[in-house]
Amino acid sequence: MSVVILDFGSQFTRLIARRLRELGAYSVILPGTASLERIAQENPQGIVLSGGPSSVYDANAPRPAPGVLDLDVPILGVCYGMQFLAHEAGGAVQRAGKREYGKADLTRYGGQLFAGIQGEFVAWMSHSDSVTQLPQGYEVIAATEDTPVAGIENTVTRRYGVQFHPEVVHTPKGGQLLA
């Protein structure tokens, strides 16, 4: 399996690649703005949109090349990546009431993305923006006490997002989620 990771400046991008390789997937990191042609050269079976320091509503925020979100492959957005998916599909992203950094317990989780995962789910958060309105076709699949939209999915388009970082060791079941 081949997975393209589009890097939007996350400090954890290389860790995403490592976790995917540990799961037996070939992964390649490309700039978040890589051309559609360059991405297609990798023949990906999935794409991960990394986190990053930008806000999706900023005029010069990094964006994938036109057509990337139209590819017929599953796409997972992590942190900034989730916010980007929601924003581009017509949802709203705003500055959170307070920055969330560190350990967070998911108060609920489910959906296809969390299939087969049971018990307590501890996640590592690092964000100052949050999805405040879901785009049409998406549902909330995870929440924390401070982040009511900690995970989203659209099973028809196979677009998934998590506000937390499944790639870090501070999210113990993150490997199961990435699998």
# chains A, B, ... in the order shown; residues from 1 in each chain; ligands from 1
>>> residues_around(residues="A:Pro64", least_positions_apart="4", cutoff="9 Å", atoms="only C-alpha atoms", output="PyMOL selection string")
chain A and resi 6+8+31-36+49+68-69
>>> residues_around(residues="A:Tyr160", least_positions_apart="2", cutoff="10 Å", atoms="only C-alpha atoms", output="ChimeraX atom specification")
/A:48,74-78,81-82,85-86,111-113,138-139,141,151-155,157-158,162
>>> write_last_selection(atoms="C-alpha atoms", output="PDB file, in the first residue's frame")
ATOM      1  CA  VAL A  48      -2.770  12.138   4.743  1.00  0.00           C
ATOM      2  CA  PRO A  74      -9.407   7.887   1.264  1.00  0.00           C
ATOM      3  CA  ILE A  75      -8.027  11.084   2.778  1.00  0.00           C
ATOM      4  CA  LEU A  76      -7.188  11.546   6.458  1.00  0.00           C
ATOM      5  CA  GLY A  77      -6.712  15.057   7.775  1.00  0.00           C
ATOM      6  CA  VAL A  78      -4.727  15.460  10.991  1.00  0.00           C
ATOM      7  CA  GLY A  81      -5.568  18.716   7.757  1.00  0.00           C
ATOM      8  CA  MET A  82      -8.946  18.044   9.393  1.00  0.00           C
ATOM      9  CA  LEU A  85     -11.113  19.237   4.903  1.00  0.00           C
ATOM     10  CA  ALA A  86     -13.988  20.791   6.865  1.00  0.00           C
ATOM     11  CA  GLY A 111     -17.634   5.738  13.139  1.00  0.00           C
ATOM     12  CA  GLN A 112     -15.633   3.876  10.517  1.00  0.00           C
ATOM     13  CA  LEU A 113     -12.362   5.521  11.482  1.00  0.00           C
ATOM     14  CA  TYR A 138     -19.953  14.885   7.561  1.00  0.00           C
ATOM     15  CA  GLU A 139     -20.644  13.674  11.065  1.00  0.00           C
ATOM     16  CA  ILE A 141     -17.130  10.852  15.330  1.00  0.00           C
ATOM     17  CA  GLY A 151     -13.041  13.782  14.762  1.00  0.00           C
ATOM     18  CA  ILE A 152     -15.149  13.891  11.597  1.00  0.00           C
ATOM     19  CA  GLU A 153     -15.945  11.604   8.709  1.00  0.00           C
ATOM     20  CA  ASN A 154     -17.839  11.462   5.466  1.00  0.00           C
ATOM     21  CA  THR A 155     -18.117   7.775   4.598  1.00  0.00           C
ATOM     22  CA  THR A 157     -16.426  10.510   0.000  1.00  0.00           C
ATOM     23  CA  ARG A 158     -14.051   8.615   2.338  1.00  0.00           C
ATOM     24  CA  VAL A 162      -8.977  14.048  13.642  1.00  0.00           C
TER      25      VAL A 162
END
>>> atom_distance(atom1="atom CA of A:Pro166", atom2="atom CA of A:Ser130")
17.0 Å
>>> closest_residue(among="A:Leu23, A:Val168, A:Leu134, A:Ala17", to="A:Ala89", atoms="only C-alpha atoms")
A:Leu134
>>> select_by_dssp(residues="stretch 82-142 of chain A", states="strand (DSSP E or B)", output="ChimeraX atom specification")
/A:92-109,122-133,139-142
>>> residues_around(residues="A:Arg18", least_positions_apart="5", cutoff="9 Å", atoms="only C-alpha atoms", output="list in words")
Thr13, Leu23, Ser27 and Glu167 of chain A
>>> closest_residue(among="A:Gln176, A:Ser55, A:Gln45, A:Thr144", to="A:Arg108", atoms="only C-alpha atoms")
A:Thr144
>>> atom_distance(atom1="atom CA of A:Phe121", atom2="atom CA of A:Arg159")
21.2 Å
>>> select_by_dssp(residues="chain A", states="helix (DSSP H, G or I)", output="PyMOL selection string")
chain A and resi 13-22+36-41+68-70+80-88+112-114+174-178
>>> atom_distance(atom1="atom CA of A:Gly24", atom2="atom CA of A:Ile47")
15.3 Å
>>> residues_around(residues="A:Ala143", least_positions_apart="2", cutoff="9 Å", atoms="only C-alpha atoms", output="list in words")
Asp105, Leu106, Thr107, Arg108, Tyr109, Val140, Ile141, Glu145, Asp146, Thr147, Pro148, Val149, Ala150 and Gly151 of chain A
>>> closest_residue(among="A:Asn60, A:Thr132, A:Ser126, A:Ser54", to="A:Gly91", atoms="only C-alpha atoms")
A:Thr132
>>> residues_around(residues="A:Asp129", least_positions_apart="3", cutoff="12 Å", atoms="only C-alpha atoms", output="short mmCIF file (atom, residue, chain, number, x, y, z; two decimals) with N, CA and C atoms, in the first residue's frame")
data_model
loop_
_atom_site.label_atom_id
_atom_site.label_comp_id
_atom_site.auth_asym_id
_atom_site.auth_seq_id
_atom_site.Cartn_x
_atom_site.Cartn_y
_atom_site.Cartn_z
N GLY A 51 -0.73 18.13 9.95
CA GLY A 51 -0.99 19.33 10.71
C GLY A 51 -0.08 20.44 10.23
N GLY A 52 -0.17 21.57 10.90
CA GLY A 52 0.69 22.70 10.57
C GLY A 52 0.33 23.91 11.38
N PRO A 53 1.17 24.93 11.35
CA PRO A 53 0.98 26.10 12.20
C PRO A 53 -0.01 27.14 11.66
N SER A 54 -0.47 26.98 10.45
CA SER A 54 -1.34 27.98 9.83
C SER A 54 -2.80 27.81 10.26
N SER A 55 -3.59 28.83 9.96
CA SER A 55 -5.04 28.77 10.12
C SER A 55 -5.65 28.69 8.73
N VAL A 56 -6.59 27.78 8.52
CA VAL A 56 -7.13 27.55 7.18
C VAL A 56 -7.83 28.77 6.61
N TYR A 57 -8.29 29.68 7.48
CA TYR A 57 -9.00 30.86 6.99
C TYR A 57 -8.06 32.01 6.65
N ASP A 58 -6.75 31.86 6.87
CA ASP A 58 -5.79 32.90 6.47
C ASP A 58 -5.66 32.93 4.95
N CYS A 79 -5.28 17.35 12.43
CA CYS A 79 -5.18 18.71 12.98
C CYS A 79 -5.50 19.75 11.89
N TYR A 80 -4.51 20.48 11.40
CA TYR A 80 -4.74 21.43 10.31
C TYR A 80 -5.41 20.72 9.13
N GLY A 81 -5.00 19.49 8.86
CA GLY A 81 -5.57 18.72 7.76
C GLY A 81 -7.06 18.49 7.91
N MET A 82 -7.52 18.20 9.14
CA MET A 82 -8.95 18.04 9.39
C MET A 82 -9.66 19.37 9.20
N GLN A 83 -9.08 20.43 9.73
CA GLN A 83 -9.69 21.76 9.59
C GLN A 83 -9.79 22.14 8.11
N PHE A 84 -8.76 21.79 7.34
CA PHE A 84 -8.78 22.09 5.91
C PHE A 84 -9.91 21.32 5.22
N HIS A 87 -13.21 22.98 6.17
CA HIS A 87 -13.31 24.31 5.56
C HIS A 87 -13.61 24.22 4.07
N ALA A 92 -17.17 25.41 8.94
CA ALA A 92 -16.57 26.61 9.52
C ALA A 92 -15.46 26.22 10.50
N VAL A 93 -14.38 26.99 10.46
CA VAL A 93 -13.26 26.82 11.37
C VAL A 93 -12.98 28.19 11.98
N GLN A 94 -12.86 28.22 13.31
CA GLN A 94 -12.63 29.49 14.00
C GLN A 94 -11.59 29.30 15.10
N ARG A 95 -11.07 30.41 15.56
CA ARG A 95 -10.16 30.41 16.71
C ARG A 95 -10.91 29.80 17.88
N ALA A 96 -10.29 28.83 18.53
CA ALA A 96 -10.92 28.17 19.68
C ALA A 96 -10.96 29.13 20.86
N GLY A 97 -11.87 28.87 21.78
CA GLY A 97 -11.98 29.69 22.98
C GLY A 97 -10.68 29.71 23.76
N LYS A 98 -10.00 28.54 23.80
CA LYS A 98 -8.69 28.46 24.41
C LYS A 98 -7.86 27.44 23.66
N ARG A 99 -6.56 27.69 23.62
CA ARG A 99 -5.65 26.76 22.95
C ARG A 99 -5.62 25.46 23.74
N GLU A 100 -5.67 24.36 23.03
CA GLU A 100 -5.63 23.05 23.69
C GLU A 100 -4.30 22.39 23.34
N TYR A 101 -3.54 22.04 24.37
CA TYR A 101 -2.25 21.42 24.16
C TYR A 101 -2.03 20.37 25.23
N MET A 125 -3.39 16.59 21.91
CA MET A 125 -3.91 17.76 21.19
C MET A 125 -2.85 18.85 21.11
N SER A 126 -2.91 19.61 20.03
CA SER A 126 -2.06 20.79 19.88
C SER A 126 -2.70 21.68 18.83
N THR A 132 -16.09 24.51 13.90
CA THR A 132 -17.26 24.97 14.65
C THR A 132 -18.57 24.69 13.94
N ASP A 146 -13.16 19.61 25.93
CA ASP A 146 -12.91 20.96 25.42
C ASP A 146 -13.08 21.11 23.90
N THR A 147 -13.12 19.99 23.19
CA THR A 147 -13.22 20.03 21.72
C THR A 147 -14.38 19.15 21.28
N VAL A 149 -15.70 18.83 18.45
CA VAL A 149 -15.46 18.23 17.13
C VAL A 149 -13.99 17.81 17.08
N ALA A 150 -13.71 16.64 17.65
CA ALA A 150 -12.34 16.12 17.68
C ALA A 150 -12.10 15.10 16.58
N GLN A 163 -8.71 15.93 15.11
CA GLN A 163 -8.08 17.16 15.60
C GLN A 163 -6.80 16.84 16.37
N PHE A 164 -6.71 15.62 16.87
CA PHE A 164 -5.55 15.21 17.66
C PHE A 164 -4.49 14.57 16.76
#
>>> decode(residues="stretch 59-74 of chain A", atoms="all heavy atoms", output="PDB file, in the first residue's frame")
ATOM      1  N   ALA A  59      -5.515  34.116   4.410  1.00  0.00           N
ATOM      2  CA  ALA A  59      -5.444  34.282   2.957  1.00  0.00           C
ATOM      3  C   ALA A  59      -4.293  33.486   2.337  1.00  0.00           C
ATOM      4  O   ALA A  59      -4.432  32.945   1.239  1.00  0.00           O
ATOM      5  CB  ALA A  59      -5.310  35.757   2.610  1.00  0.00           C
ATOM      6  N   ASN A  60      -3.171  33.399   3.014  1.00  0.00           N
ATOM      7  CA  ASN A  60      -2.015  32.706   2.438  1.00  0.00           C
ATOM      8  C   ASN A  60      -1.760  31.347   3.099  1.00  0.00           C
ATOM      9  O   ASN A  60      -0.633  30.855   3.089  1.00  0.00           O
ATOM     10  CB  ASN A  60      -0.770  33.589   2.502  1.00  0.00           C
ATOM     11  CG  ASN A  60      -0.505  34.109   3.906  1.00  0.00           C
ATOM     12  OD1 ASN A  60      -1.314  33.887   4.810  1.00  0.00           O
ATOM     13  ND2 ASN A  60       0.603  34.803   4.097  1.00  0.00           N
ATOM     14  N   ALA A  61      -2.798  30.745   3.652  1.00  0.00           N
ATOM     15  CA  ALA A  61      -2.660  29.411   4.253  1.00  0.00           C
ATOM     16  C   ALA A  61      -2.314  28.398   3.164  1.00  0.00           C
ATOM     17  O   ALA A  61      -2.812  28.497   2.040  1.00  0.00           O
ATOM     18  CB  ALA A  61      -3.962  29.011   4.940  1.00  0.00           C
ATOM     19  N   PRO A  62      -1.458  27.428   3.468  1.00  0.00           N
ATOM     20  CA  PRO A  62      -1.114  26.419   2.453  1.00  0.00           C
ATOM     21  C   PRO A  62      -2.321  25.556   2.101  1.00  0.00           C
ATOM     22  O   PRO A  62      -3.137  25.243   2.963  1.00  0.00           O
ATOM     23  CB  PRO A  62      -0.016  25.602   3.126  1.00  0.00           C
ATOM     24  CG  PRO A  62      -0.219  25.797   4.586  1.00  0.00           C
ATOM     25  CD  PRO A  62      -0.818  27.164   4.755  1.00  0.00           C
ATOM     26  N   ARG A  63      -2.413  25.216   0.830  1.00  0.00           N
ATOM     27  CA  ARG A  63      -3.525  24.402   0.335  1.00  0.00           C
ATOM     28  C   ARG A  63      -2.997  23.355  -0.636  1.00  0.00           C
ATOM     29  O   ARG A  63      -2.077  23.630  -1.389  1.00  0.00           O
ATOM     30  CB  ARG A  63      -4.528  25.273  -0.414  1.00  0.00           C
ATOM     31  CG  ARG A  63      -5.104  26.395   0.422  1.00  0.00           C
ATOM     32  CD  ARG A  63      -6.092  27.241  -0.348  1.00  0.00           C
ATOM     33  NE  ARG A  63      -6.609  28.398   0.328  1.00  0.00           N
ATOM     34  CZ  ARG A  63      -7.011  28.523   1.576  1.00  0.00           C
ATOM     35  NH1 ARG A  63      -6.915  27.525   2.374  1.00  0.00           N
ATOM     36  NH2 ARG A  63      -7.488  29.635   2.060  1.00  0.00           N
ATOM     37  N   PRO A  64      -3.605  22.189  -0.634  1.00  0.00           N
ATOM     38  CA  PRO A  64      -3.217  21.203  -1.651  1.00  0.00           C
ATOM     39  C   PRO A  64      -3.568  21.724  -3.045  1.00  0.00           C
ATOM     40  O   PRO A  64      -4.425  22.600  -3.194  1.00  0.00           O
ATOM     41  CB  PRO A  64      -4.052  19.972  -1.321  1.00  0.00           C
ATOM     42  CG  PRO A  64      -4.747  20.231  -0.046  1.00  0.00           C
ATOM     43  CD  PRO A  64      -4.665  21.693   0.239  1.00  0.00           C
ATOM     44  N   ALA A  65      -2.920  21.162  -4.024  1.00  0.00           N
ATOM     45  CA  ALA A  65      -3.175  21.547  -5.412  1.00  0.00           C
ATOM     46  C   ALA A  65      -4.625  21.269  -5.777  1.00  0.00           C
ATOM     47  O   ALA A  65      -5.252  20.345  -5.242  1.00  0.00           O
ATOM     48  CB  ALA A  65      -2.248  20.768  -6.345  1.00  0.00           C
ATOM     49  N   PRO A  66      -5.183  22.072  -6.689  1.00  0.00           N
ATOM     50  CA  PRO A  66      -6.548  21.797  -7.161  1.00  0.00           C
ATOM     51  C   PRO A  66      -6.647  20.352  -7.675  1.00  0.00           C
ATOM     52  O   PRO A  66      -5.749  19.862  -8.354  1.00  0.00           O
ATOM     53  CB  PRO A  66      -6.731  22.801  -8.306  1.00  0.00           C
ATOM     54  CG  PRO A  66      -5.779  23.913  -7.985  1.00  0.00           C
ATOM     55  CD  PRO A  66      -4.596  23.247  -7.327  1.00  0.00           C
ATOM     56  N   GLY A  67      -7.729  19.697  -7.295  1.00  0.00           N
ATOM     57  CA  GLY A  67      -7.965  18.328  -7.738  1.00  0.00           C
ATOM     58  C   GLY A  67      -7.571  17.268  -6.731  1.00  0.00           C
ATOM     59  O   GLY A  67      -8.026  16.128  -6.826  1.00  0.00           O
ATOM     60  N   VAL A  68      -6.735  17.598  -5.758  1.00  0.00           N
ATOM     61  CA  VAL A  68      -6.297  16.597  -4.783  1.00  0.00           C
ATOM     62  C   VAL A  68      -7.492  16.051  -4.005  1.00  0.00           C
ATOM     63  O   VAL A  68      -7.631  14.837  -3.833  1.00  0.00           O
ATOM     64  CB  VAL A  68      -5.237  17.166  -3.819  1.00  0.00           C
ATOM     65  CG1 VAL A  68      -4.984  16.213  -2.653  1.00  0.00           C
ATOM     66  CG2 VAL A  68      -3.942  17.435  -4.563  1.00  0.00           C
ATOM     67  N   LEU A  69      -8.375  16.929  -3.568  1.00  0.00           N
ATOM     68  CA  LEU A  69      -9.530  16.464  -2.788  1.00  0.00           C
ATOM     69  C   LEU A  69     -10.565  15.734  -3.648  1.00  0.00           C
ATOM     70  O   LEU A  69     -11.489  15.127  -3.113  1.00  0.00           O
ATOM     71  CB  LEU A  69     -10.183  17.626  -2.045  1.00  0.00           C
ATOM     72  CG  LEU A  69      -9.318  18.316  -1.000  1.00  0.00           C
ATOM     73  CD1 LEU A  69     -10.111  19.403  -0.280  1.00  0.00           C
ATOM     74  CD2 LEU A  69      -8.737  17.333  -0.004  1.00  0.00           C
ATOM     75  N   ASP A  70     -10.398  15.780  -4.957  1.00  0.00           N
ATOM     76  CA  ASP A  70     -11.300  15.068  -5.860  1.00  0.00           C
ATOM     77  C   ASP A  70     -10.814  13.659  -6.193  1.00  0.00           C
ATOM     78  O   ASP A  70     -11.519  12.900  -6.857  1.00  0.00           O
ATOM     79  CB  ASP A  70     -11.481  15.858  -7.159  1.00  0.00           C
ATOM     80  CG  ASP A  70     -12.099  17.224  -6.927  1.00  0.00           C
ATOM     81  OD1 ASP A  70     -12.947  17.350  -6.020  1.00  0.00           O
ATOM     82  OD2 ASP A  70     -11.718  18.170  -7.643  1.00  0.00           O
ATOM     83  N   LEU A  71      -9.598  13.312  -5.764  1.00  0.00           N
ATOM     84  CA  LEU A  71      -9.070  11.980  -6.045  1.00  0.00           C
ATOM     85  C   LEU A  71      -9.930  10.921  -5.367  1.00  0.00           C
ATOM     86  O   LEU A  71     -10.452  11.139  -4.270  1.00  0.00           O
ATOM     87  CB  LEU A  71      -7.621  11.871  -5.560  1.00  0.00           C
ATOM     88  CG  LEU A  71      -6.608  12.722  -6.318  1.00  0.00           C
ATOM     89  CD1 LEU A  71      -5.246  12.681  -5.611  1.00  0.00           C
ATOM     90  CD2 LEU A  71      -6.472  12.242  -7.757  1.00  0.00           C
ATOM     91  N   ASP A  72     -10.064   9.785  -6.007  1.00  0.00           N
ATOM     92  CA  ASP A  72     -10.891   8.699  -5.491  1.00  0.00           C
ATOM     93  C   ASP A  72     -10.084   7.793  -4.567  1.00  0.00           C
ATOM     94  O   ASP A  72      -9.903   6.605  -4.837  1.00  0.00           O
ATOM     95  CB  ASP A  72     -11.492   7.903  -6.648  1.00  0.00           C
ATOM     96  CG  ASP A  72     -12.506   6.873  -6.174  1.00  0.00           C
ATOM     97  OD1 ASP A  72     -13.071   7.044  -5.078  1.00  0.00           O
ATOM     98  OD2 ASP A  72     -12.713   5.873  -6.915  1.00  0.00           O
ATOM     99  N   VAL A  73      -9.551   8.389  -3.505  1.00  0.00           N
ATOM    100  CA  VAL A  73      -8.809   7.648  -2.483  1.00  0.00           C
ATOM    101  C   VAL A  73      -9.236   8.180  -1.122  1.00  0.00           C
ATOM    102  O   VAL A  73      -9.662   9.338  -1.010  1.00  0.00           O
ATOM    103  CB  VAL A  73      -7.271   7.790  -2.646  1.00  0.00           C
ATOM    104  CG1 VAL A  73      -6.806   7.238  -3.982  1.00  0.00           C
ATOM    105  CG2 VAL A  73      -6.827   9.226  -2.463  1.00  0.00           C
ATOM    106  N   PRO A  74      -9.114   7.372  -0.072  1.00  0.00           N
ATOM    107  CA  PRO A  74      -9.407   7.887   1.264  1.00  0.00           C
ATOM    108  C   PRO A  74      -8.402   8.984   1.632  1.00  0.00           C
ATOM    109  O   PRO A  74      -7.219   8.882   1.302  1.00  0.00           O
ATOM    110  CB  PRO A  74      -9.230   6.677   2.180  1.00  0.00           C
ATOM    111  CG  PRO A  74      -9.162   5.489   1.298  1.00  0.00           C
ATOM    112  CD  PRO A  74      -8.753   5.953  -0.051  1.00  0.00           C
TER     113      PRO A  74
END
